[in-house]
$ cat upload-v2.cif   # mmCIF, C-alpha atoms
data_run
#
loop_
_atom_site.group_PDB
_atom_site.id
_atom_site.type_symbol
_atom_site.label_atom_id
_atom_site.label_comp_id
_atom_site.auth_asym_id
_atom_site.auth_seq_id
_atom_site.Cartn_x
_atom_site.Cartn_y
_atom_site.Cartn_z
ATOM 1 C CA MET G 30 122.077 166.609 8.714
ATOM 2 C CA ALA G 31 123.150 168.600 11.804
ATOM 3 C CA SER G 32 120.602 171.145 13.007
ATOM 4 C CA ARG G 33 121.425 174.836 12.712
ATOM 5 C CA LYS G 34 122.975 176.429 15.762
ATOM 6 C CA ILE G 35 121.834 179.792 17.095
ATOM 7 C CA LEU G 36 123.632 181.738 19.823
ATOM 8 C CA LEU G 37 121.351 183.794 22.075
ATOM 9 C CA VAL G 38 123.094 186.667 23.840
ATOM 10 C CA ASP G 39 120.972 188.488 26.421
ATOM 11 C CA ASP G 40 121.116 189.392 30.091
ATOM 12 C CA SER G 41 117.352 188.986 30.514
ATOM 13 C CA GLU G 42 116.144 185.521 31.478
ATOM 14 C CA THR G 43 112.662 186.417 30.253
ATOM 15 C CA ILE G 44 113.903 187.307 26.782
ATOM 16 C CA LEU G 45 116.107 184.214 26.635
ATOM 17 C CA GLN G 46 113.162 182.012 27.579
ATOM 18 C CA MET G 47 110.949 183.617 24.961
ATOM 19 C CA GLU G 48 113.611 183.227 22.256
ATOM 20 C CA GLN G 49 114.157 179.597 23.227
ATOM 21 C CA MET G 50 110.433 178.882 23.137
ATOM 22 C CA ILE G 51 110.101 180.363 19.635
ATOM 23 C CA LEU G 52 113.232 178.815 18.137
ATOM 24 C CA GLN G 53 113.071 175.353 19.676
ATOM 25 C CA ARG G 54 109.821 174.778 17.781
ATOM 26 C CA ASP G 55 111.852 174.953 14.568
ATOM 27 C CA GLY G 56 114.425 172.496 15.894
ATOM 28 C CA TYR G 57 117.394 174.844 16.187
ATOM 29 C CA GLU G 58 120.226 173.964 18.534
ATOM 30 C CA LEU G 59 120.567 176.851 20.986
ATOM 31 C CA VAL G 60 123.606 178.192 22.854
ATOM 32 C CA ILE G 61 123.195 180.808 25.584
ATOM 33 C CA ALA G 62 125.379 183.704 26.715
ATOM 34 C CA ARG G 63 124.391 186.275 29.309
ATOM 35 C CA ASP G 64 126.596 189.243 28.498
ATOM 36 C CA GLY G 65 128.538 190.610 25.552
ATOM 37 C CA GLU G 66 131.894 189.184 26.576
ATOM 38 C CA GLU G 67 130.505 185.695 27.061
ATOM 39 C CA GLY G 68 128.696 186.135 23.752
ATOM 40 C CA VAL G 69 131.928 186.810 21.888
ATOM 41 C CA ALA G 70 133.693 183.916 23.629
ATOM 42 C CA LYS G 71 130.906 181.453 22.865
ATOM 43 C CA ALA G 72 130.603 182.631 19.272
ATOM 44 C CA LEU G 73 134.287 181.858 18.737
ATOM 45 C CA ALA G 74 134.054 178.540 20.589
ATOM 46 C CA THR G 75 130.837 177.183 19.078
ATOM 47 C CA GLN G 76 130.735 178.821 15.593
ATOM 48 C CA PRO G 77 126.962 179.375 15.468
ATOM 49 C CA ASP G 78 125.055 179.767 12.221
ATOM 50 C CA LEU G 79 123.323 182.898 13.531
ATOM 51 C CA ILE G 80 123.462 185.158 16.587
ATOM 52 C CA LEU G 81 120.650 187.030 18.346
ATOM 53 C CA MET G 82 122.298 189.871 20.245
ATOM 54 C CA ASP G 83 120.799 192.129 22.897
ATOM 55 C CA VAL G 84 122.003 195.738 22.958
ATOM 56 C CA VAL G 85 122.337 196.825 26.575
ATOM 57 C CA MET G 86 124.280 194.221 28.562
ATOM 58 C CA PRO G 87 126.891 194.166 31.304
ATOM 59 C CA LYS G 88 130.629 193.832 30.582
ATOM 60 C CA LEU G 89 130.272 194.474 26.838
ATOM 61 C CA ASP G 90 127.260 195.964 25.057
ATOM 62 C CA GLY G 91 125.775 194.436 21.935
ATOM 63 C CA PHE G 92 127.167 196.914 19.416
ATOM 64 C CA ALA G 93 130.696 196.504 20.790
ATOM 65 C CA ALA G 94 130.300 192.719 20.764
ATOM 66 C CA VAL G 95 129.203 192.813 17.111
ATOM 67 C CA LYS G 96 132.212 194.952 16.224
ATOM 68 C CA ARG G 97 134.561 192.442 17.886
ATOM 69 C CA LEU G 98 132.929 189.549 16.091
ATOM 70 C CA ARG G 99 133.298 191.301 12.737
ATOM 71 C CA GLU G 100 136.979 191.929 13.400
ATOM 72 C CA ASN G 101 137.612 188.195 13.818
ATOM 73 C CA ALA G 102 137.882 186.135 10.636
ATOM 74 C CA GLN G 103 136.097 183.200 12.274
ATOM 75 C CA THR G 104 132.951 185.244 12.963
ATOM 76 C CA SER G 105 133.122 188.047 10.418
ATOM 77 C CA ALA G 106 130.336 186.602 8.282
ATOM 78 C CA VAL G 107 127.929 185.070 10.803
ATOM 79 C CA PRO G 108 124.479 186.690 10.514
ATOM 80 C CA ILE G 109 123.681 188.819 13.565
ATOM 81 C CA VAL G 110 120.226 190.083 14.505
ATOM 82 C CA MET G 111 120.068 192.761 17.190
ATOM 83 C CA VAL G 112 117.273 192.487 19.717
ATOM 84 C CA THR G 113 116.486 195.990 20.844
ATOM 85 C CA THR G 114 113.878 198.029 22.702
ATOM 86 C CA GLN G 115 111.929 200.697 20.889
ATOM 87 C CA SER G 116 113.894 203.481 22.509
ATOM 88 C CA GLU G 117 117.167 201.829 21.567
ATOM 89 C CA ALA G 118 116.041 201.335 17.982
ATOM 90 C CA THR G 119 117.000 204.890 17.117
ATOM 91 C CA ALA G 120 120.583 203.751 17.735
ATOM 92 C CA MET G 121 120.302 201.012 15.133
ATOM 93 C CA GLU G 122 122.273 203.158 12.719
ATOM 94 C CA CYS G 123 125.220 202.299 15.013
ATOM 95 C CA GLY G 124 124.181 198.675 14.988
ATOM 96 C CA TYR G 125 124.384 198.458 11.231
ATOM 97 C CA GLU G 126 127.627 200.390 11.190
ATOM 98 C CA SER G 127 129.012 197.913 13.742
ATOM 99 C CA GLY G 128 128.105 195.116 11.359
ATOM 100 C CA CYS G 129 124.733 193.634 12.302
ATOM 101 C CA ASN G 130 122.458 192.315 9.570
ATOM 102 C CA ASP G 131 118.956 193.023 10.867
ATOM 103 C CA TYR G 132 117.053 193.834 14.033
ATOM 104 C CA VAL G 133 113.884 193.025 15.928
ATOM 105 C CA ILE G 134 112.186 195.144 18.568
ATOM 106 C CA LYS G 135 110.957 193.891 21.913
ATOM 107 C CA PRO G 136 108.417 192.659 22.777
ATOM 108 C CA ILE G 137 109.497 189.998 20.309
ATOM 109 C CA ASP G 138 106.921 188.957 17.760
ATOM 110 C CA SER G 139 107.366 185.227 17.142
ATOM 111 C CA LEU G 140 106.394 185.335 13.451
ATOM 112 C CA GLU G 141 108.746 188.232 12.779
ATOM 113 C CA LEU G 142 111.632 186.558 14.612
ATOM 114 C CA ILE G 143 111.248 183.155 12.995
ATOM 115 C CA THR G 144 110.831 184.718 9.543
ATOM 116 C CA LYS G 145 113.988 186.798 9.912
ATOM 117 C CA VAL G 146 115.960 183.855 11.296
ATOM 118 C CA ARG G 147 114.862 181.583 8.469
ATOM 119 C CA ASN G 148 115.595 184.332 5.949
ATOM 120 C CA LEU G 149 119.125 184.840 7.235
ATOM 121 C CA LEU G 150 119.798 181.103 7.369
ATOM 122 C CA GLY G 151 118.370 180.546 3.909
ATOM 123 C CA ASP G 152 115.833 178.065 5.266
ATOM 124 C CA MET X 10 115.010 213.852 -5.218
ATOM 125 C CA HIS X 11 112.674 216.754 -5.788
ATOM 126 C CA PRO X 12 109.278 215.604 -6.994
ATOM 127 C CA ALA X 13 109.347 218.131 -9.829
ATOM 128 C CA THR X 14 112.253 216.393 -11.522
ATOM 129 C CA LYS X 15 111.775 213.764 -14.203
ATOM 130 C CA PRO X 16 110.924 210.522 -12.412
ATOM 131 C CA ASN X 17 113.791 208.056 -12.298
ATOM 132 C CA PRO X 18 112.806 204.955 -10.378
ATOM 133 C CA ASN X 19 116.433 203.859 -10.099
ATOM 134 C CA GLN X 20 117.757 207.059 -8.650
ATOM 135 C CA SER X 21 118.132 207.618 -4.946
ATOM 136 C CA ASP X 22 119.169 210.656 -2.995
ATOM 137 C CA ALA X 23 122.591 210.355 -1.378
ATOM 138 C CA VAL X 24 122.697 211.708 2.143
ATOM 139 C CA LEU X 25 125.444 214.110 2.890
ATOM 140 C CA GLU X 26 123.772 216.746 4.968
ATOM 141 C CA VAL X 27 120.055 216.957 5.388
ATOM 142 C CA ASN X 28 118.478 220.207 6.417
ATOM 143 C CA ASN X 29 115.497 219.252 8.514
ATOM 144 C CA SER X 30 115.350 222.493 10.458
ATOM 145 C CA ALA X 31 111.992 223.548 8.995
ATOM 146 C CA HIS X 32 110.397 220.210 9.823
ATOM 147 C CA GLU X 33 109.138 218.642 12.982
ATOM 148 C CA LYS X 34 111.177 215.483 13.487
ATOM 149 C CA LEU X 35 109.748 212.055 14.030
ATOM 150 C CA TYR X 36 111.271 208.574 14.305
ATOM 151 C CA LEU X 37 109.257 205.774 12.735
ATOM 152 C CA HIS X 38 109.649 202.305 14.241
ATOM 153 C CA PRO X 39 109.042 199.020 12.418
ATOM 154 C CA GLY X 40 105.334 198.311 12.168
ATOM 155 C CA GLN X 41 104.364 201.983 12.394
ATOM 156 C CA LEU X 42 103.032 204.431 9.850
ATOM 157 C CA PHE X 43 102.609 208.190 9.800
ATOM 158 C CA ALA X 44 100.850 210.768 7.649
ATOM 159 C CA SER X 45 100.381 214.471 8.228
ATOM 160 C CA ARG X 46 99.371 217.817 6.753
ATOM 161 C CA GLN X 47 102.167 219.464 8.739
ATOM 162 C CA SER X 48 105.794 219.370 7.640
ATOM 163 C CA HIS X 49 107.557 216.432 9.210
ATOM 164 C CA ALA X 50 110.988 214.894 8.651
ATOM 165 C CA VAL X 51 110.415 211.212 9.355
ATOM 166 C CA THR X 52 113.437 209.004 9.989
ATOM 167 C CA THR X 53 113.523 205.249 9.959
ATOM 168 C CA ILE X 54 116.139 202.481 9.716
ATOM 169 C CA LEU X 55 115.591 199.696 7.193
ATOM 170 C CA GLY X 56 117.229 196.298 6.728
ATOM 171 C CA SER X 57 115.079 193.687 5.014
ATOM 172 C CA CYS X 58 112.053 195.844 5.878
ATOM 173 C CA VAL X 59 110.500 198.193 3.333
ATOM 174 C CA ALA X 60 109.189 201.733 3.672
ATOM 175 C CA VAL X 61 106.587 203.015 1.236
ATOM 176 C CA CYS X 62 106.464 206.817 1.044
ATOM 177 C CA LEU X 63 103.346 208.316 -0.506
ATOM 178 C CA TRP X 64 102.987 211.980 -1.416
ATOM 179 C CA ASP X 65 100.210 214.092 -2.916
ATOM 180 C CA PRO X 66 101.876 216.881 -4.943
ATOM 181 C CA VAL X 67 98.594 218.773 -5.314
ATOM 182 C CA ARG X 68 97.855 219.042 -1.595
ATOM 183 C CA LYS X 69 101.472 218.700 -0.413
ATOM 184 C CA ILE X 70 100.578 215.983 2.066
ATOM 185 C CA GLY X 71 102.609 212.831 2.569
ATOM 186 C CA GLY X 72 102.943 209.706 4.630
ATOM 187 C CA ILE X 73 105.227 206.760 5.209
ATOM 188 C CA ASN X 74 105.060 203.255 6.588
ATOM 189 C CA HIS X 75 107.688 200.722 7.640
ATOM 190 C CA TYR X 76 106.761 197.068 7.373
ATOM 191 C CA LEU X 77 108.634 193.872 8.158
ATOM 192 C CA LEU X 78 106.753 191.089 6.401
ATOM 193 C CA PRO X 79 105.197 191.062 2.934
ATOM 194 C CA ALA X 80 101.580 190.125 3.627
ATOM 195 C CA PHE X 81 99.228 189.080 6.392
ATOM 196 C CA THR X 82 97.928 185.624 5.579
ATOM 197 C CA GLY X 83 95.881 184.984 8.698
ATOM 198 C CA ASP X 84 98.699 183.753 10.913
ATOM 199 C CA GLY X 85 98.965 185.968 14.007
ATOM 200 C CA VAL X 86 97.501 189.413 14.493
ATOM 201 C CA ALA X 87 96.774 191.629 11.492
ATOM 202 C CA SER X 88 98.860 194.778 11.865
ATOM 203 C CA PRO X 89 100.935 197.280 9.852
ATOM 204 C CA ARG X 90 103.883 194.936 10.390
ATOM 205 C CA PHE X 91 102.565 193.388 7.184
ATOM 206 C CA GLY X 92 102.955 195.148 3.846
ATOM 207 C CA ASN X 93 99.408 194.759 2.577
ATOM 208 C CA ILE X 94 97.982 196.185 5.800
ATOM 209 C CA ALA X 95 100.624 198.904 6.145
ATOM 210 C CA ILE X 96 99.984 200.207 2.633
ATOM 211 C CA ALA X 97 96.198 199.985 2.951
ATOM 212 C CA GLU X 98 96.232 201.861 6.243
ATOM 213 C CA LEU X 99 98.582 204.520 4.897
ATOM 214 C CA LEU X 100 96.253 205.070 1.947
ATOM 215 C CA GLU X 101 93.320 205.306 4.348
ATOM 216 C CA GLN X 102 95.076 207.921 6.485
ATOM 217 C CA LEU X 103 96.085 210.010 3.481
ATOM 218 C CA THR X 104 92.567 209.857 2.067
ATOM 219 C CA ALA X 105 91.190 210.942 5.426
ATOM 220 C CA LEU X 106 93.571 213.932 5.288
ATOM 221 C CA GLY X 107 92.066 214.941 1.947
ATOM 222 C CA CYS X 108 94.413 213.276 -0.551
ATOM 223 C CA ARG X 109 93.131 211.738 -3.738
ATOM 224 C CA LYS X 110 94.551 208.363 -4.627
ATOM 225 C CA ARG X 111 94.848 209.316 -8.299
ATOM 226 C CA ASP X 112 97.212 212.166 -7.347
ATOM 227 C CA LEU X 113 99.521 210.086 -5.136
ATOM 228 C CA GLN X 114 103.098 209.216 -6.021
ATOM 229 C CA ALA X 115 105.172 206.537 -4.310
ATOM 230 C CA LYS X 116 108.810 206.025 -3.401
ATOM 231 C CA LEU X 117 110.115 202.680 -2.131
ATOM 232 C CA PHE X 118 113.070 202.003 0.127
ATOM 233 C CA GLY X 119 114.681 199.024 1.806
ATOM 234 C CA GLY X 120 114.343 195.304 1.168
ATOM 235 C CA ALA X 121 118.057 194.527 1.525
ATOM 236 C CA CYS X 122 119.433 191.021 1.406
ATOM 237 C CA VAL X 123 122.408 191.137 3.703
ATOM 238 C CA ILE X 124 123.630 187.593 3.086
ATOM 239 C CA ALA X 125 125.708 187.486 -0.072
ATOM 240 C CA ALA X 126 125.032 183.816 -0.721
ATOM 241 C CA PHE X 127 121.300 184.424 -0.954
ATOM 242 C CA ARG X 128 121.320 187.605 -2.961
ATOM 243 C CA ASN X 129 120.498 185.924 -6.245
ATOM 244 C CA ARG X 130 117.548 184.112 -4.755
ATOM 245 C CA THR X 131 114.174 185.588 -5.485
ATOM 246 C CA ASN X 132 112.640 184.467 -2.242
ATOM 247 C CA HIS X 133 114.619 186.344 0.335
ATOM 248 C CA LEU X 134 112.582 188.420 2.729
ATOM 249 C CA GLY X 135 113.736 191.792 1.428
ATOM 250 C CA TRP X 136 112.812 190.857 -2.127
ATOM 251 C CA GLU X 137 109.406 189.591 -1.035
ATOM 252 C CA ASN X 138 108.774 192.849 0.832
ATOM 253 C CA ILE X 139 109.645 194.835 -2.286
ATOM 254 C CA GLN X 140 107.437 192.666 -4.485
ATOM 255 C CA SER X 141 104.537 193.125 -2.088
ATOM 256 C CA ALA X 142 104.777 196.921 -2.380
ATOM 257 C CA GLU X 143 105.152 196.926 -6.143
ATOM 258 C CA LYS X 144 102.203 194.576 -6.599
ATOM 259 C CA ILE X 145 99.890 196.571 -4.343
ATOM 260 C CA LEU X 146 100.919 199.959 -5.728
ATOM 261 C CA GLY X 147 100.489 198.614 -9.261
ATOM 262 C CA ARG X 148 97.020 197.424 -8.426
ATOM 263 C CA GLU X 149 96.177 200.806 -6.883
ATOM 264 C CA GLU X 150 97.636 202.539 -9.953
ATOM 265 C CA ILE X 151 100.004 204.631 -7.858
ATOM 266 C CA PRO X 152 103.213 205.323 -9.820
ATOM 267 C CA VAL X 153 106.579 204.591 -8.229
ATOM 268 C CA VAL X 154 108.602 207.719 -8.985
ATOM 269 C CA GLY X 155 111.684 206.794 -7.013
ATOM 270 C CA LYS X 156 113.243 203.878 -5.204
ATOM 271 C CA ASP X 157 116.350 202.620 -3.489
ATOM 272 C CA THR X 158 115.807 198.944 -2.807
ATOM 273 C CA GLY X 159 117.646 195.665 -2.542
ATOM 274 C CA GLY X 160 121.410 195.601 -2.158
ATOM 275 C CA ASP X 161 123.301 194.313 0.828
ATOM 276 C CA LYS X 162 123.259 197.173 3.294
ATOM 277 C CA GLY X 163 120.847 198.640 5.807
ATOM 278 C CA ARG X 164 119.525 202.118 5.121
ATOM 279 C CA LYS X 165 118.737 205.235 7.094
ATOM 280 C CA LEU X 166 115.845 207.012 5.399
ATOM 281 C CA ILE X 167 114.567 210.532 5.981
ATOM 282 C CA PHE X 168 111.287 211.459 4.295
ATOM 283 C CA HIS X 169 109.746 214.931 4.209
ATOM 284 C CA THR X 170 105.962 214.773 4.249
ATOM 285 C CA ASP X 171 105.420 218.256 2.798
ATOM 286 C CA ASP X 172 107.430 218.009 -0.405
ATOM 287 C CA GLY X 173 107.834 214.252 -0.821
ATOM 288 C CA SER X 174 111.619 214.416 -0.835
ATOM 289 C CA ALA X 175 113.615 211.520 0.538
ATOM 290 C CA TRP X 176 117.253 210.954 1.452
ATOM 291 C CA VAL X 177 118.945 207.634 2.000
ATOM 292 C CA LYS X 178 122.197 206.743 3.696
ATOM 293 C CA ARG X 179 123.584 203.242 3.190
ATOM 294 C CA LEU X 180 124.791 201.813 6.517
#

$ encode --input "upload-v2.cif" --output "structure tokens"
Amino acid sequence: MASRKILLVDDSETILQMEQMILQRDGYELVIARDGEEGVAKALATQPDLILMDVVMPKLDGFAAVKRLRENAQTSAVPIVMVTTQSEATAMECGYESGCNDYVIKPIDSLELITKVRNLLGD
Amino acid sequence: MHPATKPNPNQSDAVLEVNNSAHEKLYLHPGQLFASRQSHAVTTILGSCVAVCLWDPVRKIGGINHYLLPAFTGDGVASPRFGNIAIAELLEQLTALGCRKRDLQAKLFGGACVIAAFRNRTNHLGWENIQSAEKILGREEIPVVGKDTGGDKGRKLIFHTDDGSAWVKRL
């Protein structure tokens, strides 16, 4: 059975490395994008099972990227978890209204992240 | 919902306009909790997480938590990210402020399951978070007088610590 594919969208190498470290332990196949535009392009190209999306990024921010993904039939239903700082979390009302499914706050707690990912994938 | 009305655990308060002008405003992040004698309007955003709001109608003191995972089982660091710890610590803070547990009332919010295919499962994270609260509050004999839980949408919650009122907006 093919492993589940998760798209990581973040402009921070540190965050990407942390996410990879946490998720690789569970055997997920990981795809990386480093800004919102690349994130949308890779989501359409690779059809991930779940997306972790940063909020503040160059070219296209996370909320705008989520909105674009929800407007496309190919990605309208993929679970999306926003990865946000505490100060950005007050904007999560916009995140949900854009179409995200859940959120985690940095610094990322590995148990919280893996639990939410498994929950959204039905694992 | 005004606490003086007949309790209806299935009723929630629809948000249209909320007048928080008399209250000091506070934003509650996941894993935090807050209780106060002063009037506060506490806002938080919930997905699969749950917020337990506790209010003492005799002393007019209230508090709220926001937890992400149902129970600490020894894996990781014990913190109010976990429901059992978040509720225990909220009870501790309210008791320290002079509340009596036997006077407390609870309202529960959150625990959404945003994936339609899993909504009928009883083991999704939102459901487990709700169950954790109901089990602990039942054990503590604190009645749940209102709730807006489950469903498929995130929620914006505003809780007033002085009168125990709560408003929810589905996102």

$ resolve_selection --input "upload-v2.cif" --expression "the PyMOL selection byres ((chain G) within 8 of (chain X))" --output "JSON, numbers by chain"
{"G": [108, 115, 118, 119, 121, 122, 125, 126, 130, 131, 132, 134, 140, 141, 144, 145, 148, 149, 151]}

$ residues_near_point --input "upload-v2.cif" --point "(96.8, 195.5, -0.1)" --cutoff "12 Å" --atoms "all atoms listed in the file" --output "PDB file with C-alpha atoms, in the frame of the given file"
ATOM      1  CA  PRO X  79     105.197 191.062   2.934  1.00  0.00           C
ATOM      2  CA  ALA X  80     101.580 190.125   3.627  1.00  0.00           C
ATOM      3  CA  PHE X  81      99.228 189.080   6.392  1.00  0.00           C
ATOM      4  CA  THR X  82      97.928 185.624   5.579  1.00  0.00           C
ATOM      5  CA  PRO X  89     100.935 197.280   9.852  1.00  0.00           C
ATOM      6  CA  PHE X  91     102.565 193.388   7.184  1.00  0.00           C
ATOM      7  CA  GLY X  92     102.955 195.148   3.846  1.00  0.00           C
ATOM      8  CA  ASN X  93      99.408 194.759   2.577  1.00  0.00           C
ATOM      9  CA  ILE X  94      97.982 196.185   5.800  1.00  0.00           C
ATOM     10  CA  ALA X  95     100.624 198.904   6.145  1.00  0.00           C
ATOM     11  CA  ILE X  96      99.984 200.207   2.633  1.00  0.00           C
ATOM     12  CA  ALA X  97      96.198 199.985   2.951  1.00  0.00           C
ATOM     13  CA  GLU X  98      96.232 201.861   6.243  1.00  0.00           C
ATOM     14  CA  LEU X  99      98.582 204.520   4.897  1.00  0.00           C
ATOM     15  CA  LEU X 100      96.253 205.070   1.947  1.00  0.00           C
ATOM     16  CA  GLU X 101      93.320 205.306   4.348  1.00  0.00           C
ATOM     17  CA  GLN X 140     107.437 192.666  -4.485  1.00  0.00           C
ATOM     18  CA  SER X 141     104.537 193.125  -2.088  1.00  0.00           C
ATOM     19  CA  ALA X 142     104.777 196.921  -2.380  1.00  0.00           C
ATOM     20  CA  GLU X 143     105.152 196.926  -6.143  1.00  0.00           C
ATOM     21  CA  LYS X 144     102.203 194.576  -6.599  1.00  0.00           C
ATOM     22  CA  ILE X 145      99.890 196.571  -4.343  1.00  0.00           C
ATOM     23  CA  LEU X 146     100.919 199.959  -5.728  1.00  0.00           C
ATOM     24  CA  GLY X 147     100.489 198.614  -9.261  1.00  0.00           C
ATOM     25  CA  ARG X 148      97.020 197.424  -8.426  1.00  0.00           C
ATOM     26  CA  GLU X 149      96.177 200.806  -6.883  1.00  0.00           C
TER      27      GLU X 149
END

$ residues_near_point --input "upload-v2.cif" --point "(128.6, 190.6, 26.5)" --cutoff "10 Å" --atoms "all atoms listed in the file" --output "count of residues only"
26

$ atom_distance --input "upload-v2.cif" --atom1 "CA of Trp136 (chain X)" --atom2 "CA of Phe118 (chain X)"
11.4 Å

$ atom_distance --input "upload-v2.cif" --atom1 "CA of Pro152 (chain X)" --atom2 "CA of Ser48 (chain X)"
22.6 Å

$ residues_around --input "upload-v2.cif" --residues "region 42-51 of chain G" --least-positions-apart "6" --cutoff "8 Å" --atoms "only C-alpha atoms" --output "list in words"
Leu59, Ile61, Ser139 and Ile143 of chain G

$ build_atoms --input "upload-v2.cif" --residues "region 96-116 of chain X" --atoms "N, CA and C atoms" --output "PDB file, keeping the file's coordinate frame"
ATOM      1  N   ILE X  96     100.259 199.336   3.783  1.00  0.00           N
ATOM      2  CA  ILE X  96      99.984 200.207   2.633  1.00  0.00           C
ATOM      3  C   ILE X  96      98.520 200.610   2.624  1.00  0.00           C
ATOM      4  N   ALA X  97      97.638 199.666   2.915  1.00  0.00           N
ATOM      5  CA  ALA X  97      96.198 199.985   2.951  1.00  0.00           C
ATOM      6  C   ALA X  97      95.903 201.038   4.011  1.00  0.00           C
ATOM      7  N   GLU X  98      96.495 200.898   5.166  1.00  0.00           N
ATOM      8  CA  GLU X  98      96.232 201.861   6.243  1.00  0.00           C
ATOM      9  C   GLU X  98      96.838 203.221   5.926  1.00  0.00           C
ATOM     10  N   LEU X  99      97.987 203.236   5.276  1.00  0.00           N
ATOM     11  CA  LEU X  99      98.582 204.520   4.897  1.00  0.00           C
ATOM     12  C   LEU X  99      97.691 205.229   3.882  1.00  0.00           C
ATOM     13  N   LEU X 100      97.173 204.479   2.937  1.00  0.00           N
ATOM     14  CA  LEU X 100      96.253 205.070   1.947  1.00  0.00           C
ATOM     15  C   LEU X 100      95.006 205.614   2.631  1.00  0.00           C
ATOM     16  N   GLU X 101      94.512 204.876   3.597  1.00  0.00           N
ATOM     17  CA  GLU X 101      93.320 205.306   4.348  1.00  0.00           C
ATOM     18  C   GLU X 101      93.594 206.622   5.061  1.00  0.00           C
ATOM     19  N   GLN X 102      94.753 206.701   5.726  1.00  0.00           N
ATOM     20  CA  GLN X 102      95.076 207.921   6.485  1.00  0.00           C
ATOM     21  C   GLN X 102      95.229 209.110   5.549  1.00  0.00           C
ATOM     22  N   LEU X 103      95.878 208.896   4.412  1.00  0.00           N
ATOM     23  CA  LEU X 103      96.085 210.010   3.481  1.00  0.00           C
ATOM     24  C   LEU X 103      94.759 210.447   2.874  1.00  0.00           C
ATOM     25  N   THR X 104      93.902 209.511   2.598  1.00  0.00           N
ATOM     26  CA  THR X 104      92.567 209.857   2.067  1.00  0.00           C
ATOM     27  C   THR X 104      91.788 210.651   3.108  1.00  0.00           C
ATOM     28  N   ALA X 105      91.882 210.232   4.346  1.00  0.00           N
ATOM     29  CA  ALA X 105      91.190 210.942   5.426  1.00  0.00           C
ATOM     30  C   ALA X 105      91.717 212.368   5.595  1.00  0.00           C
ATOM     31  N   LEU X 106      92.976 212.590   5.209  1.00  0.00           N
ATOM     32  CA  LEU X 106      93.571 213.932   5.288  1.00  0.00           C
ATOM     33  C   LEU X 106      93.219 214.776   4.067  1.00  0.00           C
ATOM     34  N   GLY X 107      92.510 214.182   3.110  1.00  0.00           N
ATOM     35  CA  GLY X 107      92.066 214.941   1.947  1.00  0.00           C
ATOM     36  C   GLY X 107      92.763 214.595   0.651  1.00  0.00           C
ATOM     37  N   CYS X 108      93.699 213.657   0.679  1.00  0.00           N
ATOM     38  CA  CYS X 108      94.413 213.276  -0.551  1.00  0.00           C
ATOM     39  C   CYS X 108      93.504 212.486  -1.469  1.00  0.00           C
ATOM     40  N   ARG X 109      93.831 212.568  -2.765  1.00  0.00           N
ATOM     41  CA  ARG X 109      93.131 211.738  -3.738  1.00  0.00           C
ATOM     42  C   ARG X 109      94.106 210.680  -4.237  1.00  0.00           C
ATOM     43  N   LYS X 110      93.653 209.456  -4.243  1.00  0.00           N
ATOM     44  CA  LYS X 110      94.551 208.363  -4.627  1.00  0.00           C
ATOM     45  C   LYS X 110      95.138 208.600  -6.009  1.00  0.00           C
ATOM     46  N   ARG X 111      94.369 209.153  -6.924  1.00  0.00           N
ATOM     47  CA  ARG X 111      94.848 209.316  -8.299  1.00  0.00           C
ATOM     48  C   ARG X 111      95.987 210.345  -8.389  1.00  0.00           C
ATOM     49  N   ASP X 112      96.136 211.172  -7.338  1.00  0.00           N
ATOM     50  CA  ASP X 112      97.212 212.166  -7.347  1.00  0.00           C
ATOM     51  C   ASP X 112      98.479 211.655  -6.664  1.00  0.00           C
ATOM     52  N   LEU X 113      98.385 210.540  -5.951  1.00  0.00           N
ATOM     53  CA  LEU X 113      99.521 210.086  -5.136  1.00  0.00           C
ATOM     54  C   LEU X 113     100.671 209.548  -5.982  1.00  0.00           C
ATOM     55  N   GLN X 114     101.881 209.791  -5.459  1.00  0.00           N
ATOM     56  CA  GLN X 114     103.098 209.216  -6.021  1.00  0.00           C
ATOM     57  C   GLN X 114     103.776 208.418  -4.909  1.00  0.00           C
ATOM     58  N   ALA X 115     104.509 207.395  -5.306  1.00  0.00           N
ATOM     59  CA  ALA X 115     105.172 206.537  -4.310  1.00  0.00           C
ATOM     60  C   ALA X 115     106.675 206.522  -4.504  1.00  0.00           C
ATOM     61  N   LYS X 116     107.378 206.337  -3.376  1.00  0.00           N
ATOM     62  CA  LYS X 116     108.810 206.025  -3.401  1.00  0.00           C
ATOM     63  C   LYS X 116     109.002 204.823  -2.479  1.00  0.00           C
TER      64      LYS X 116
END
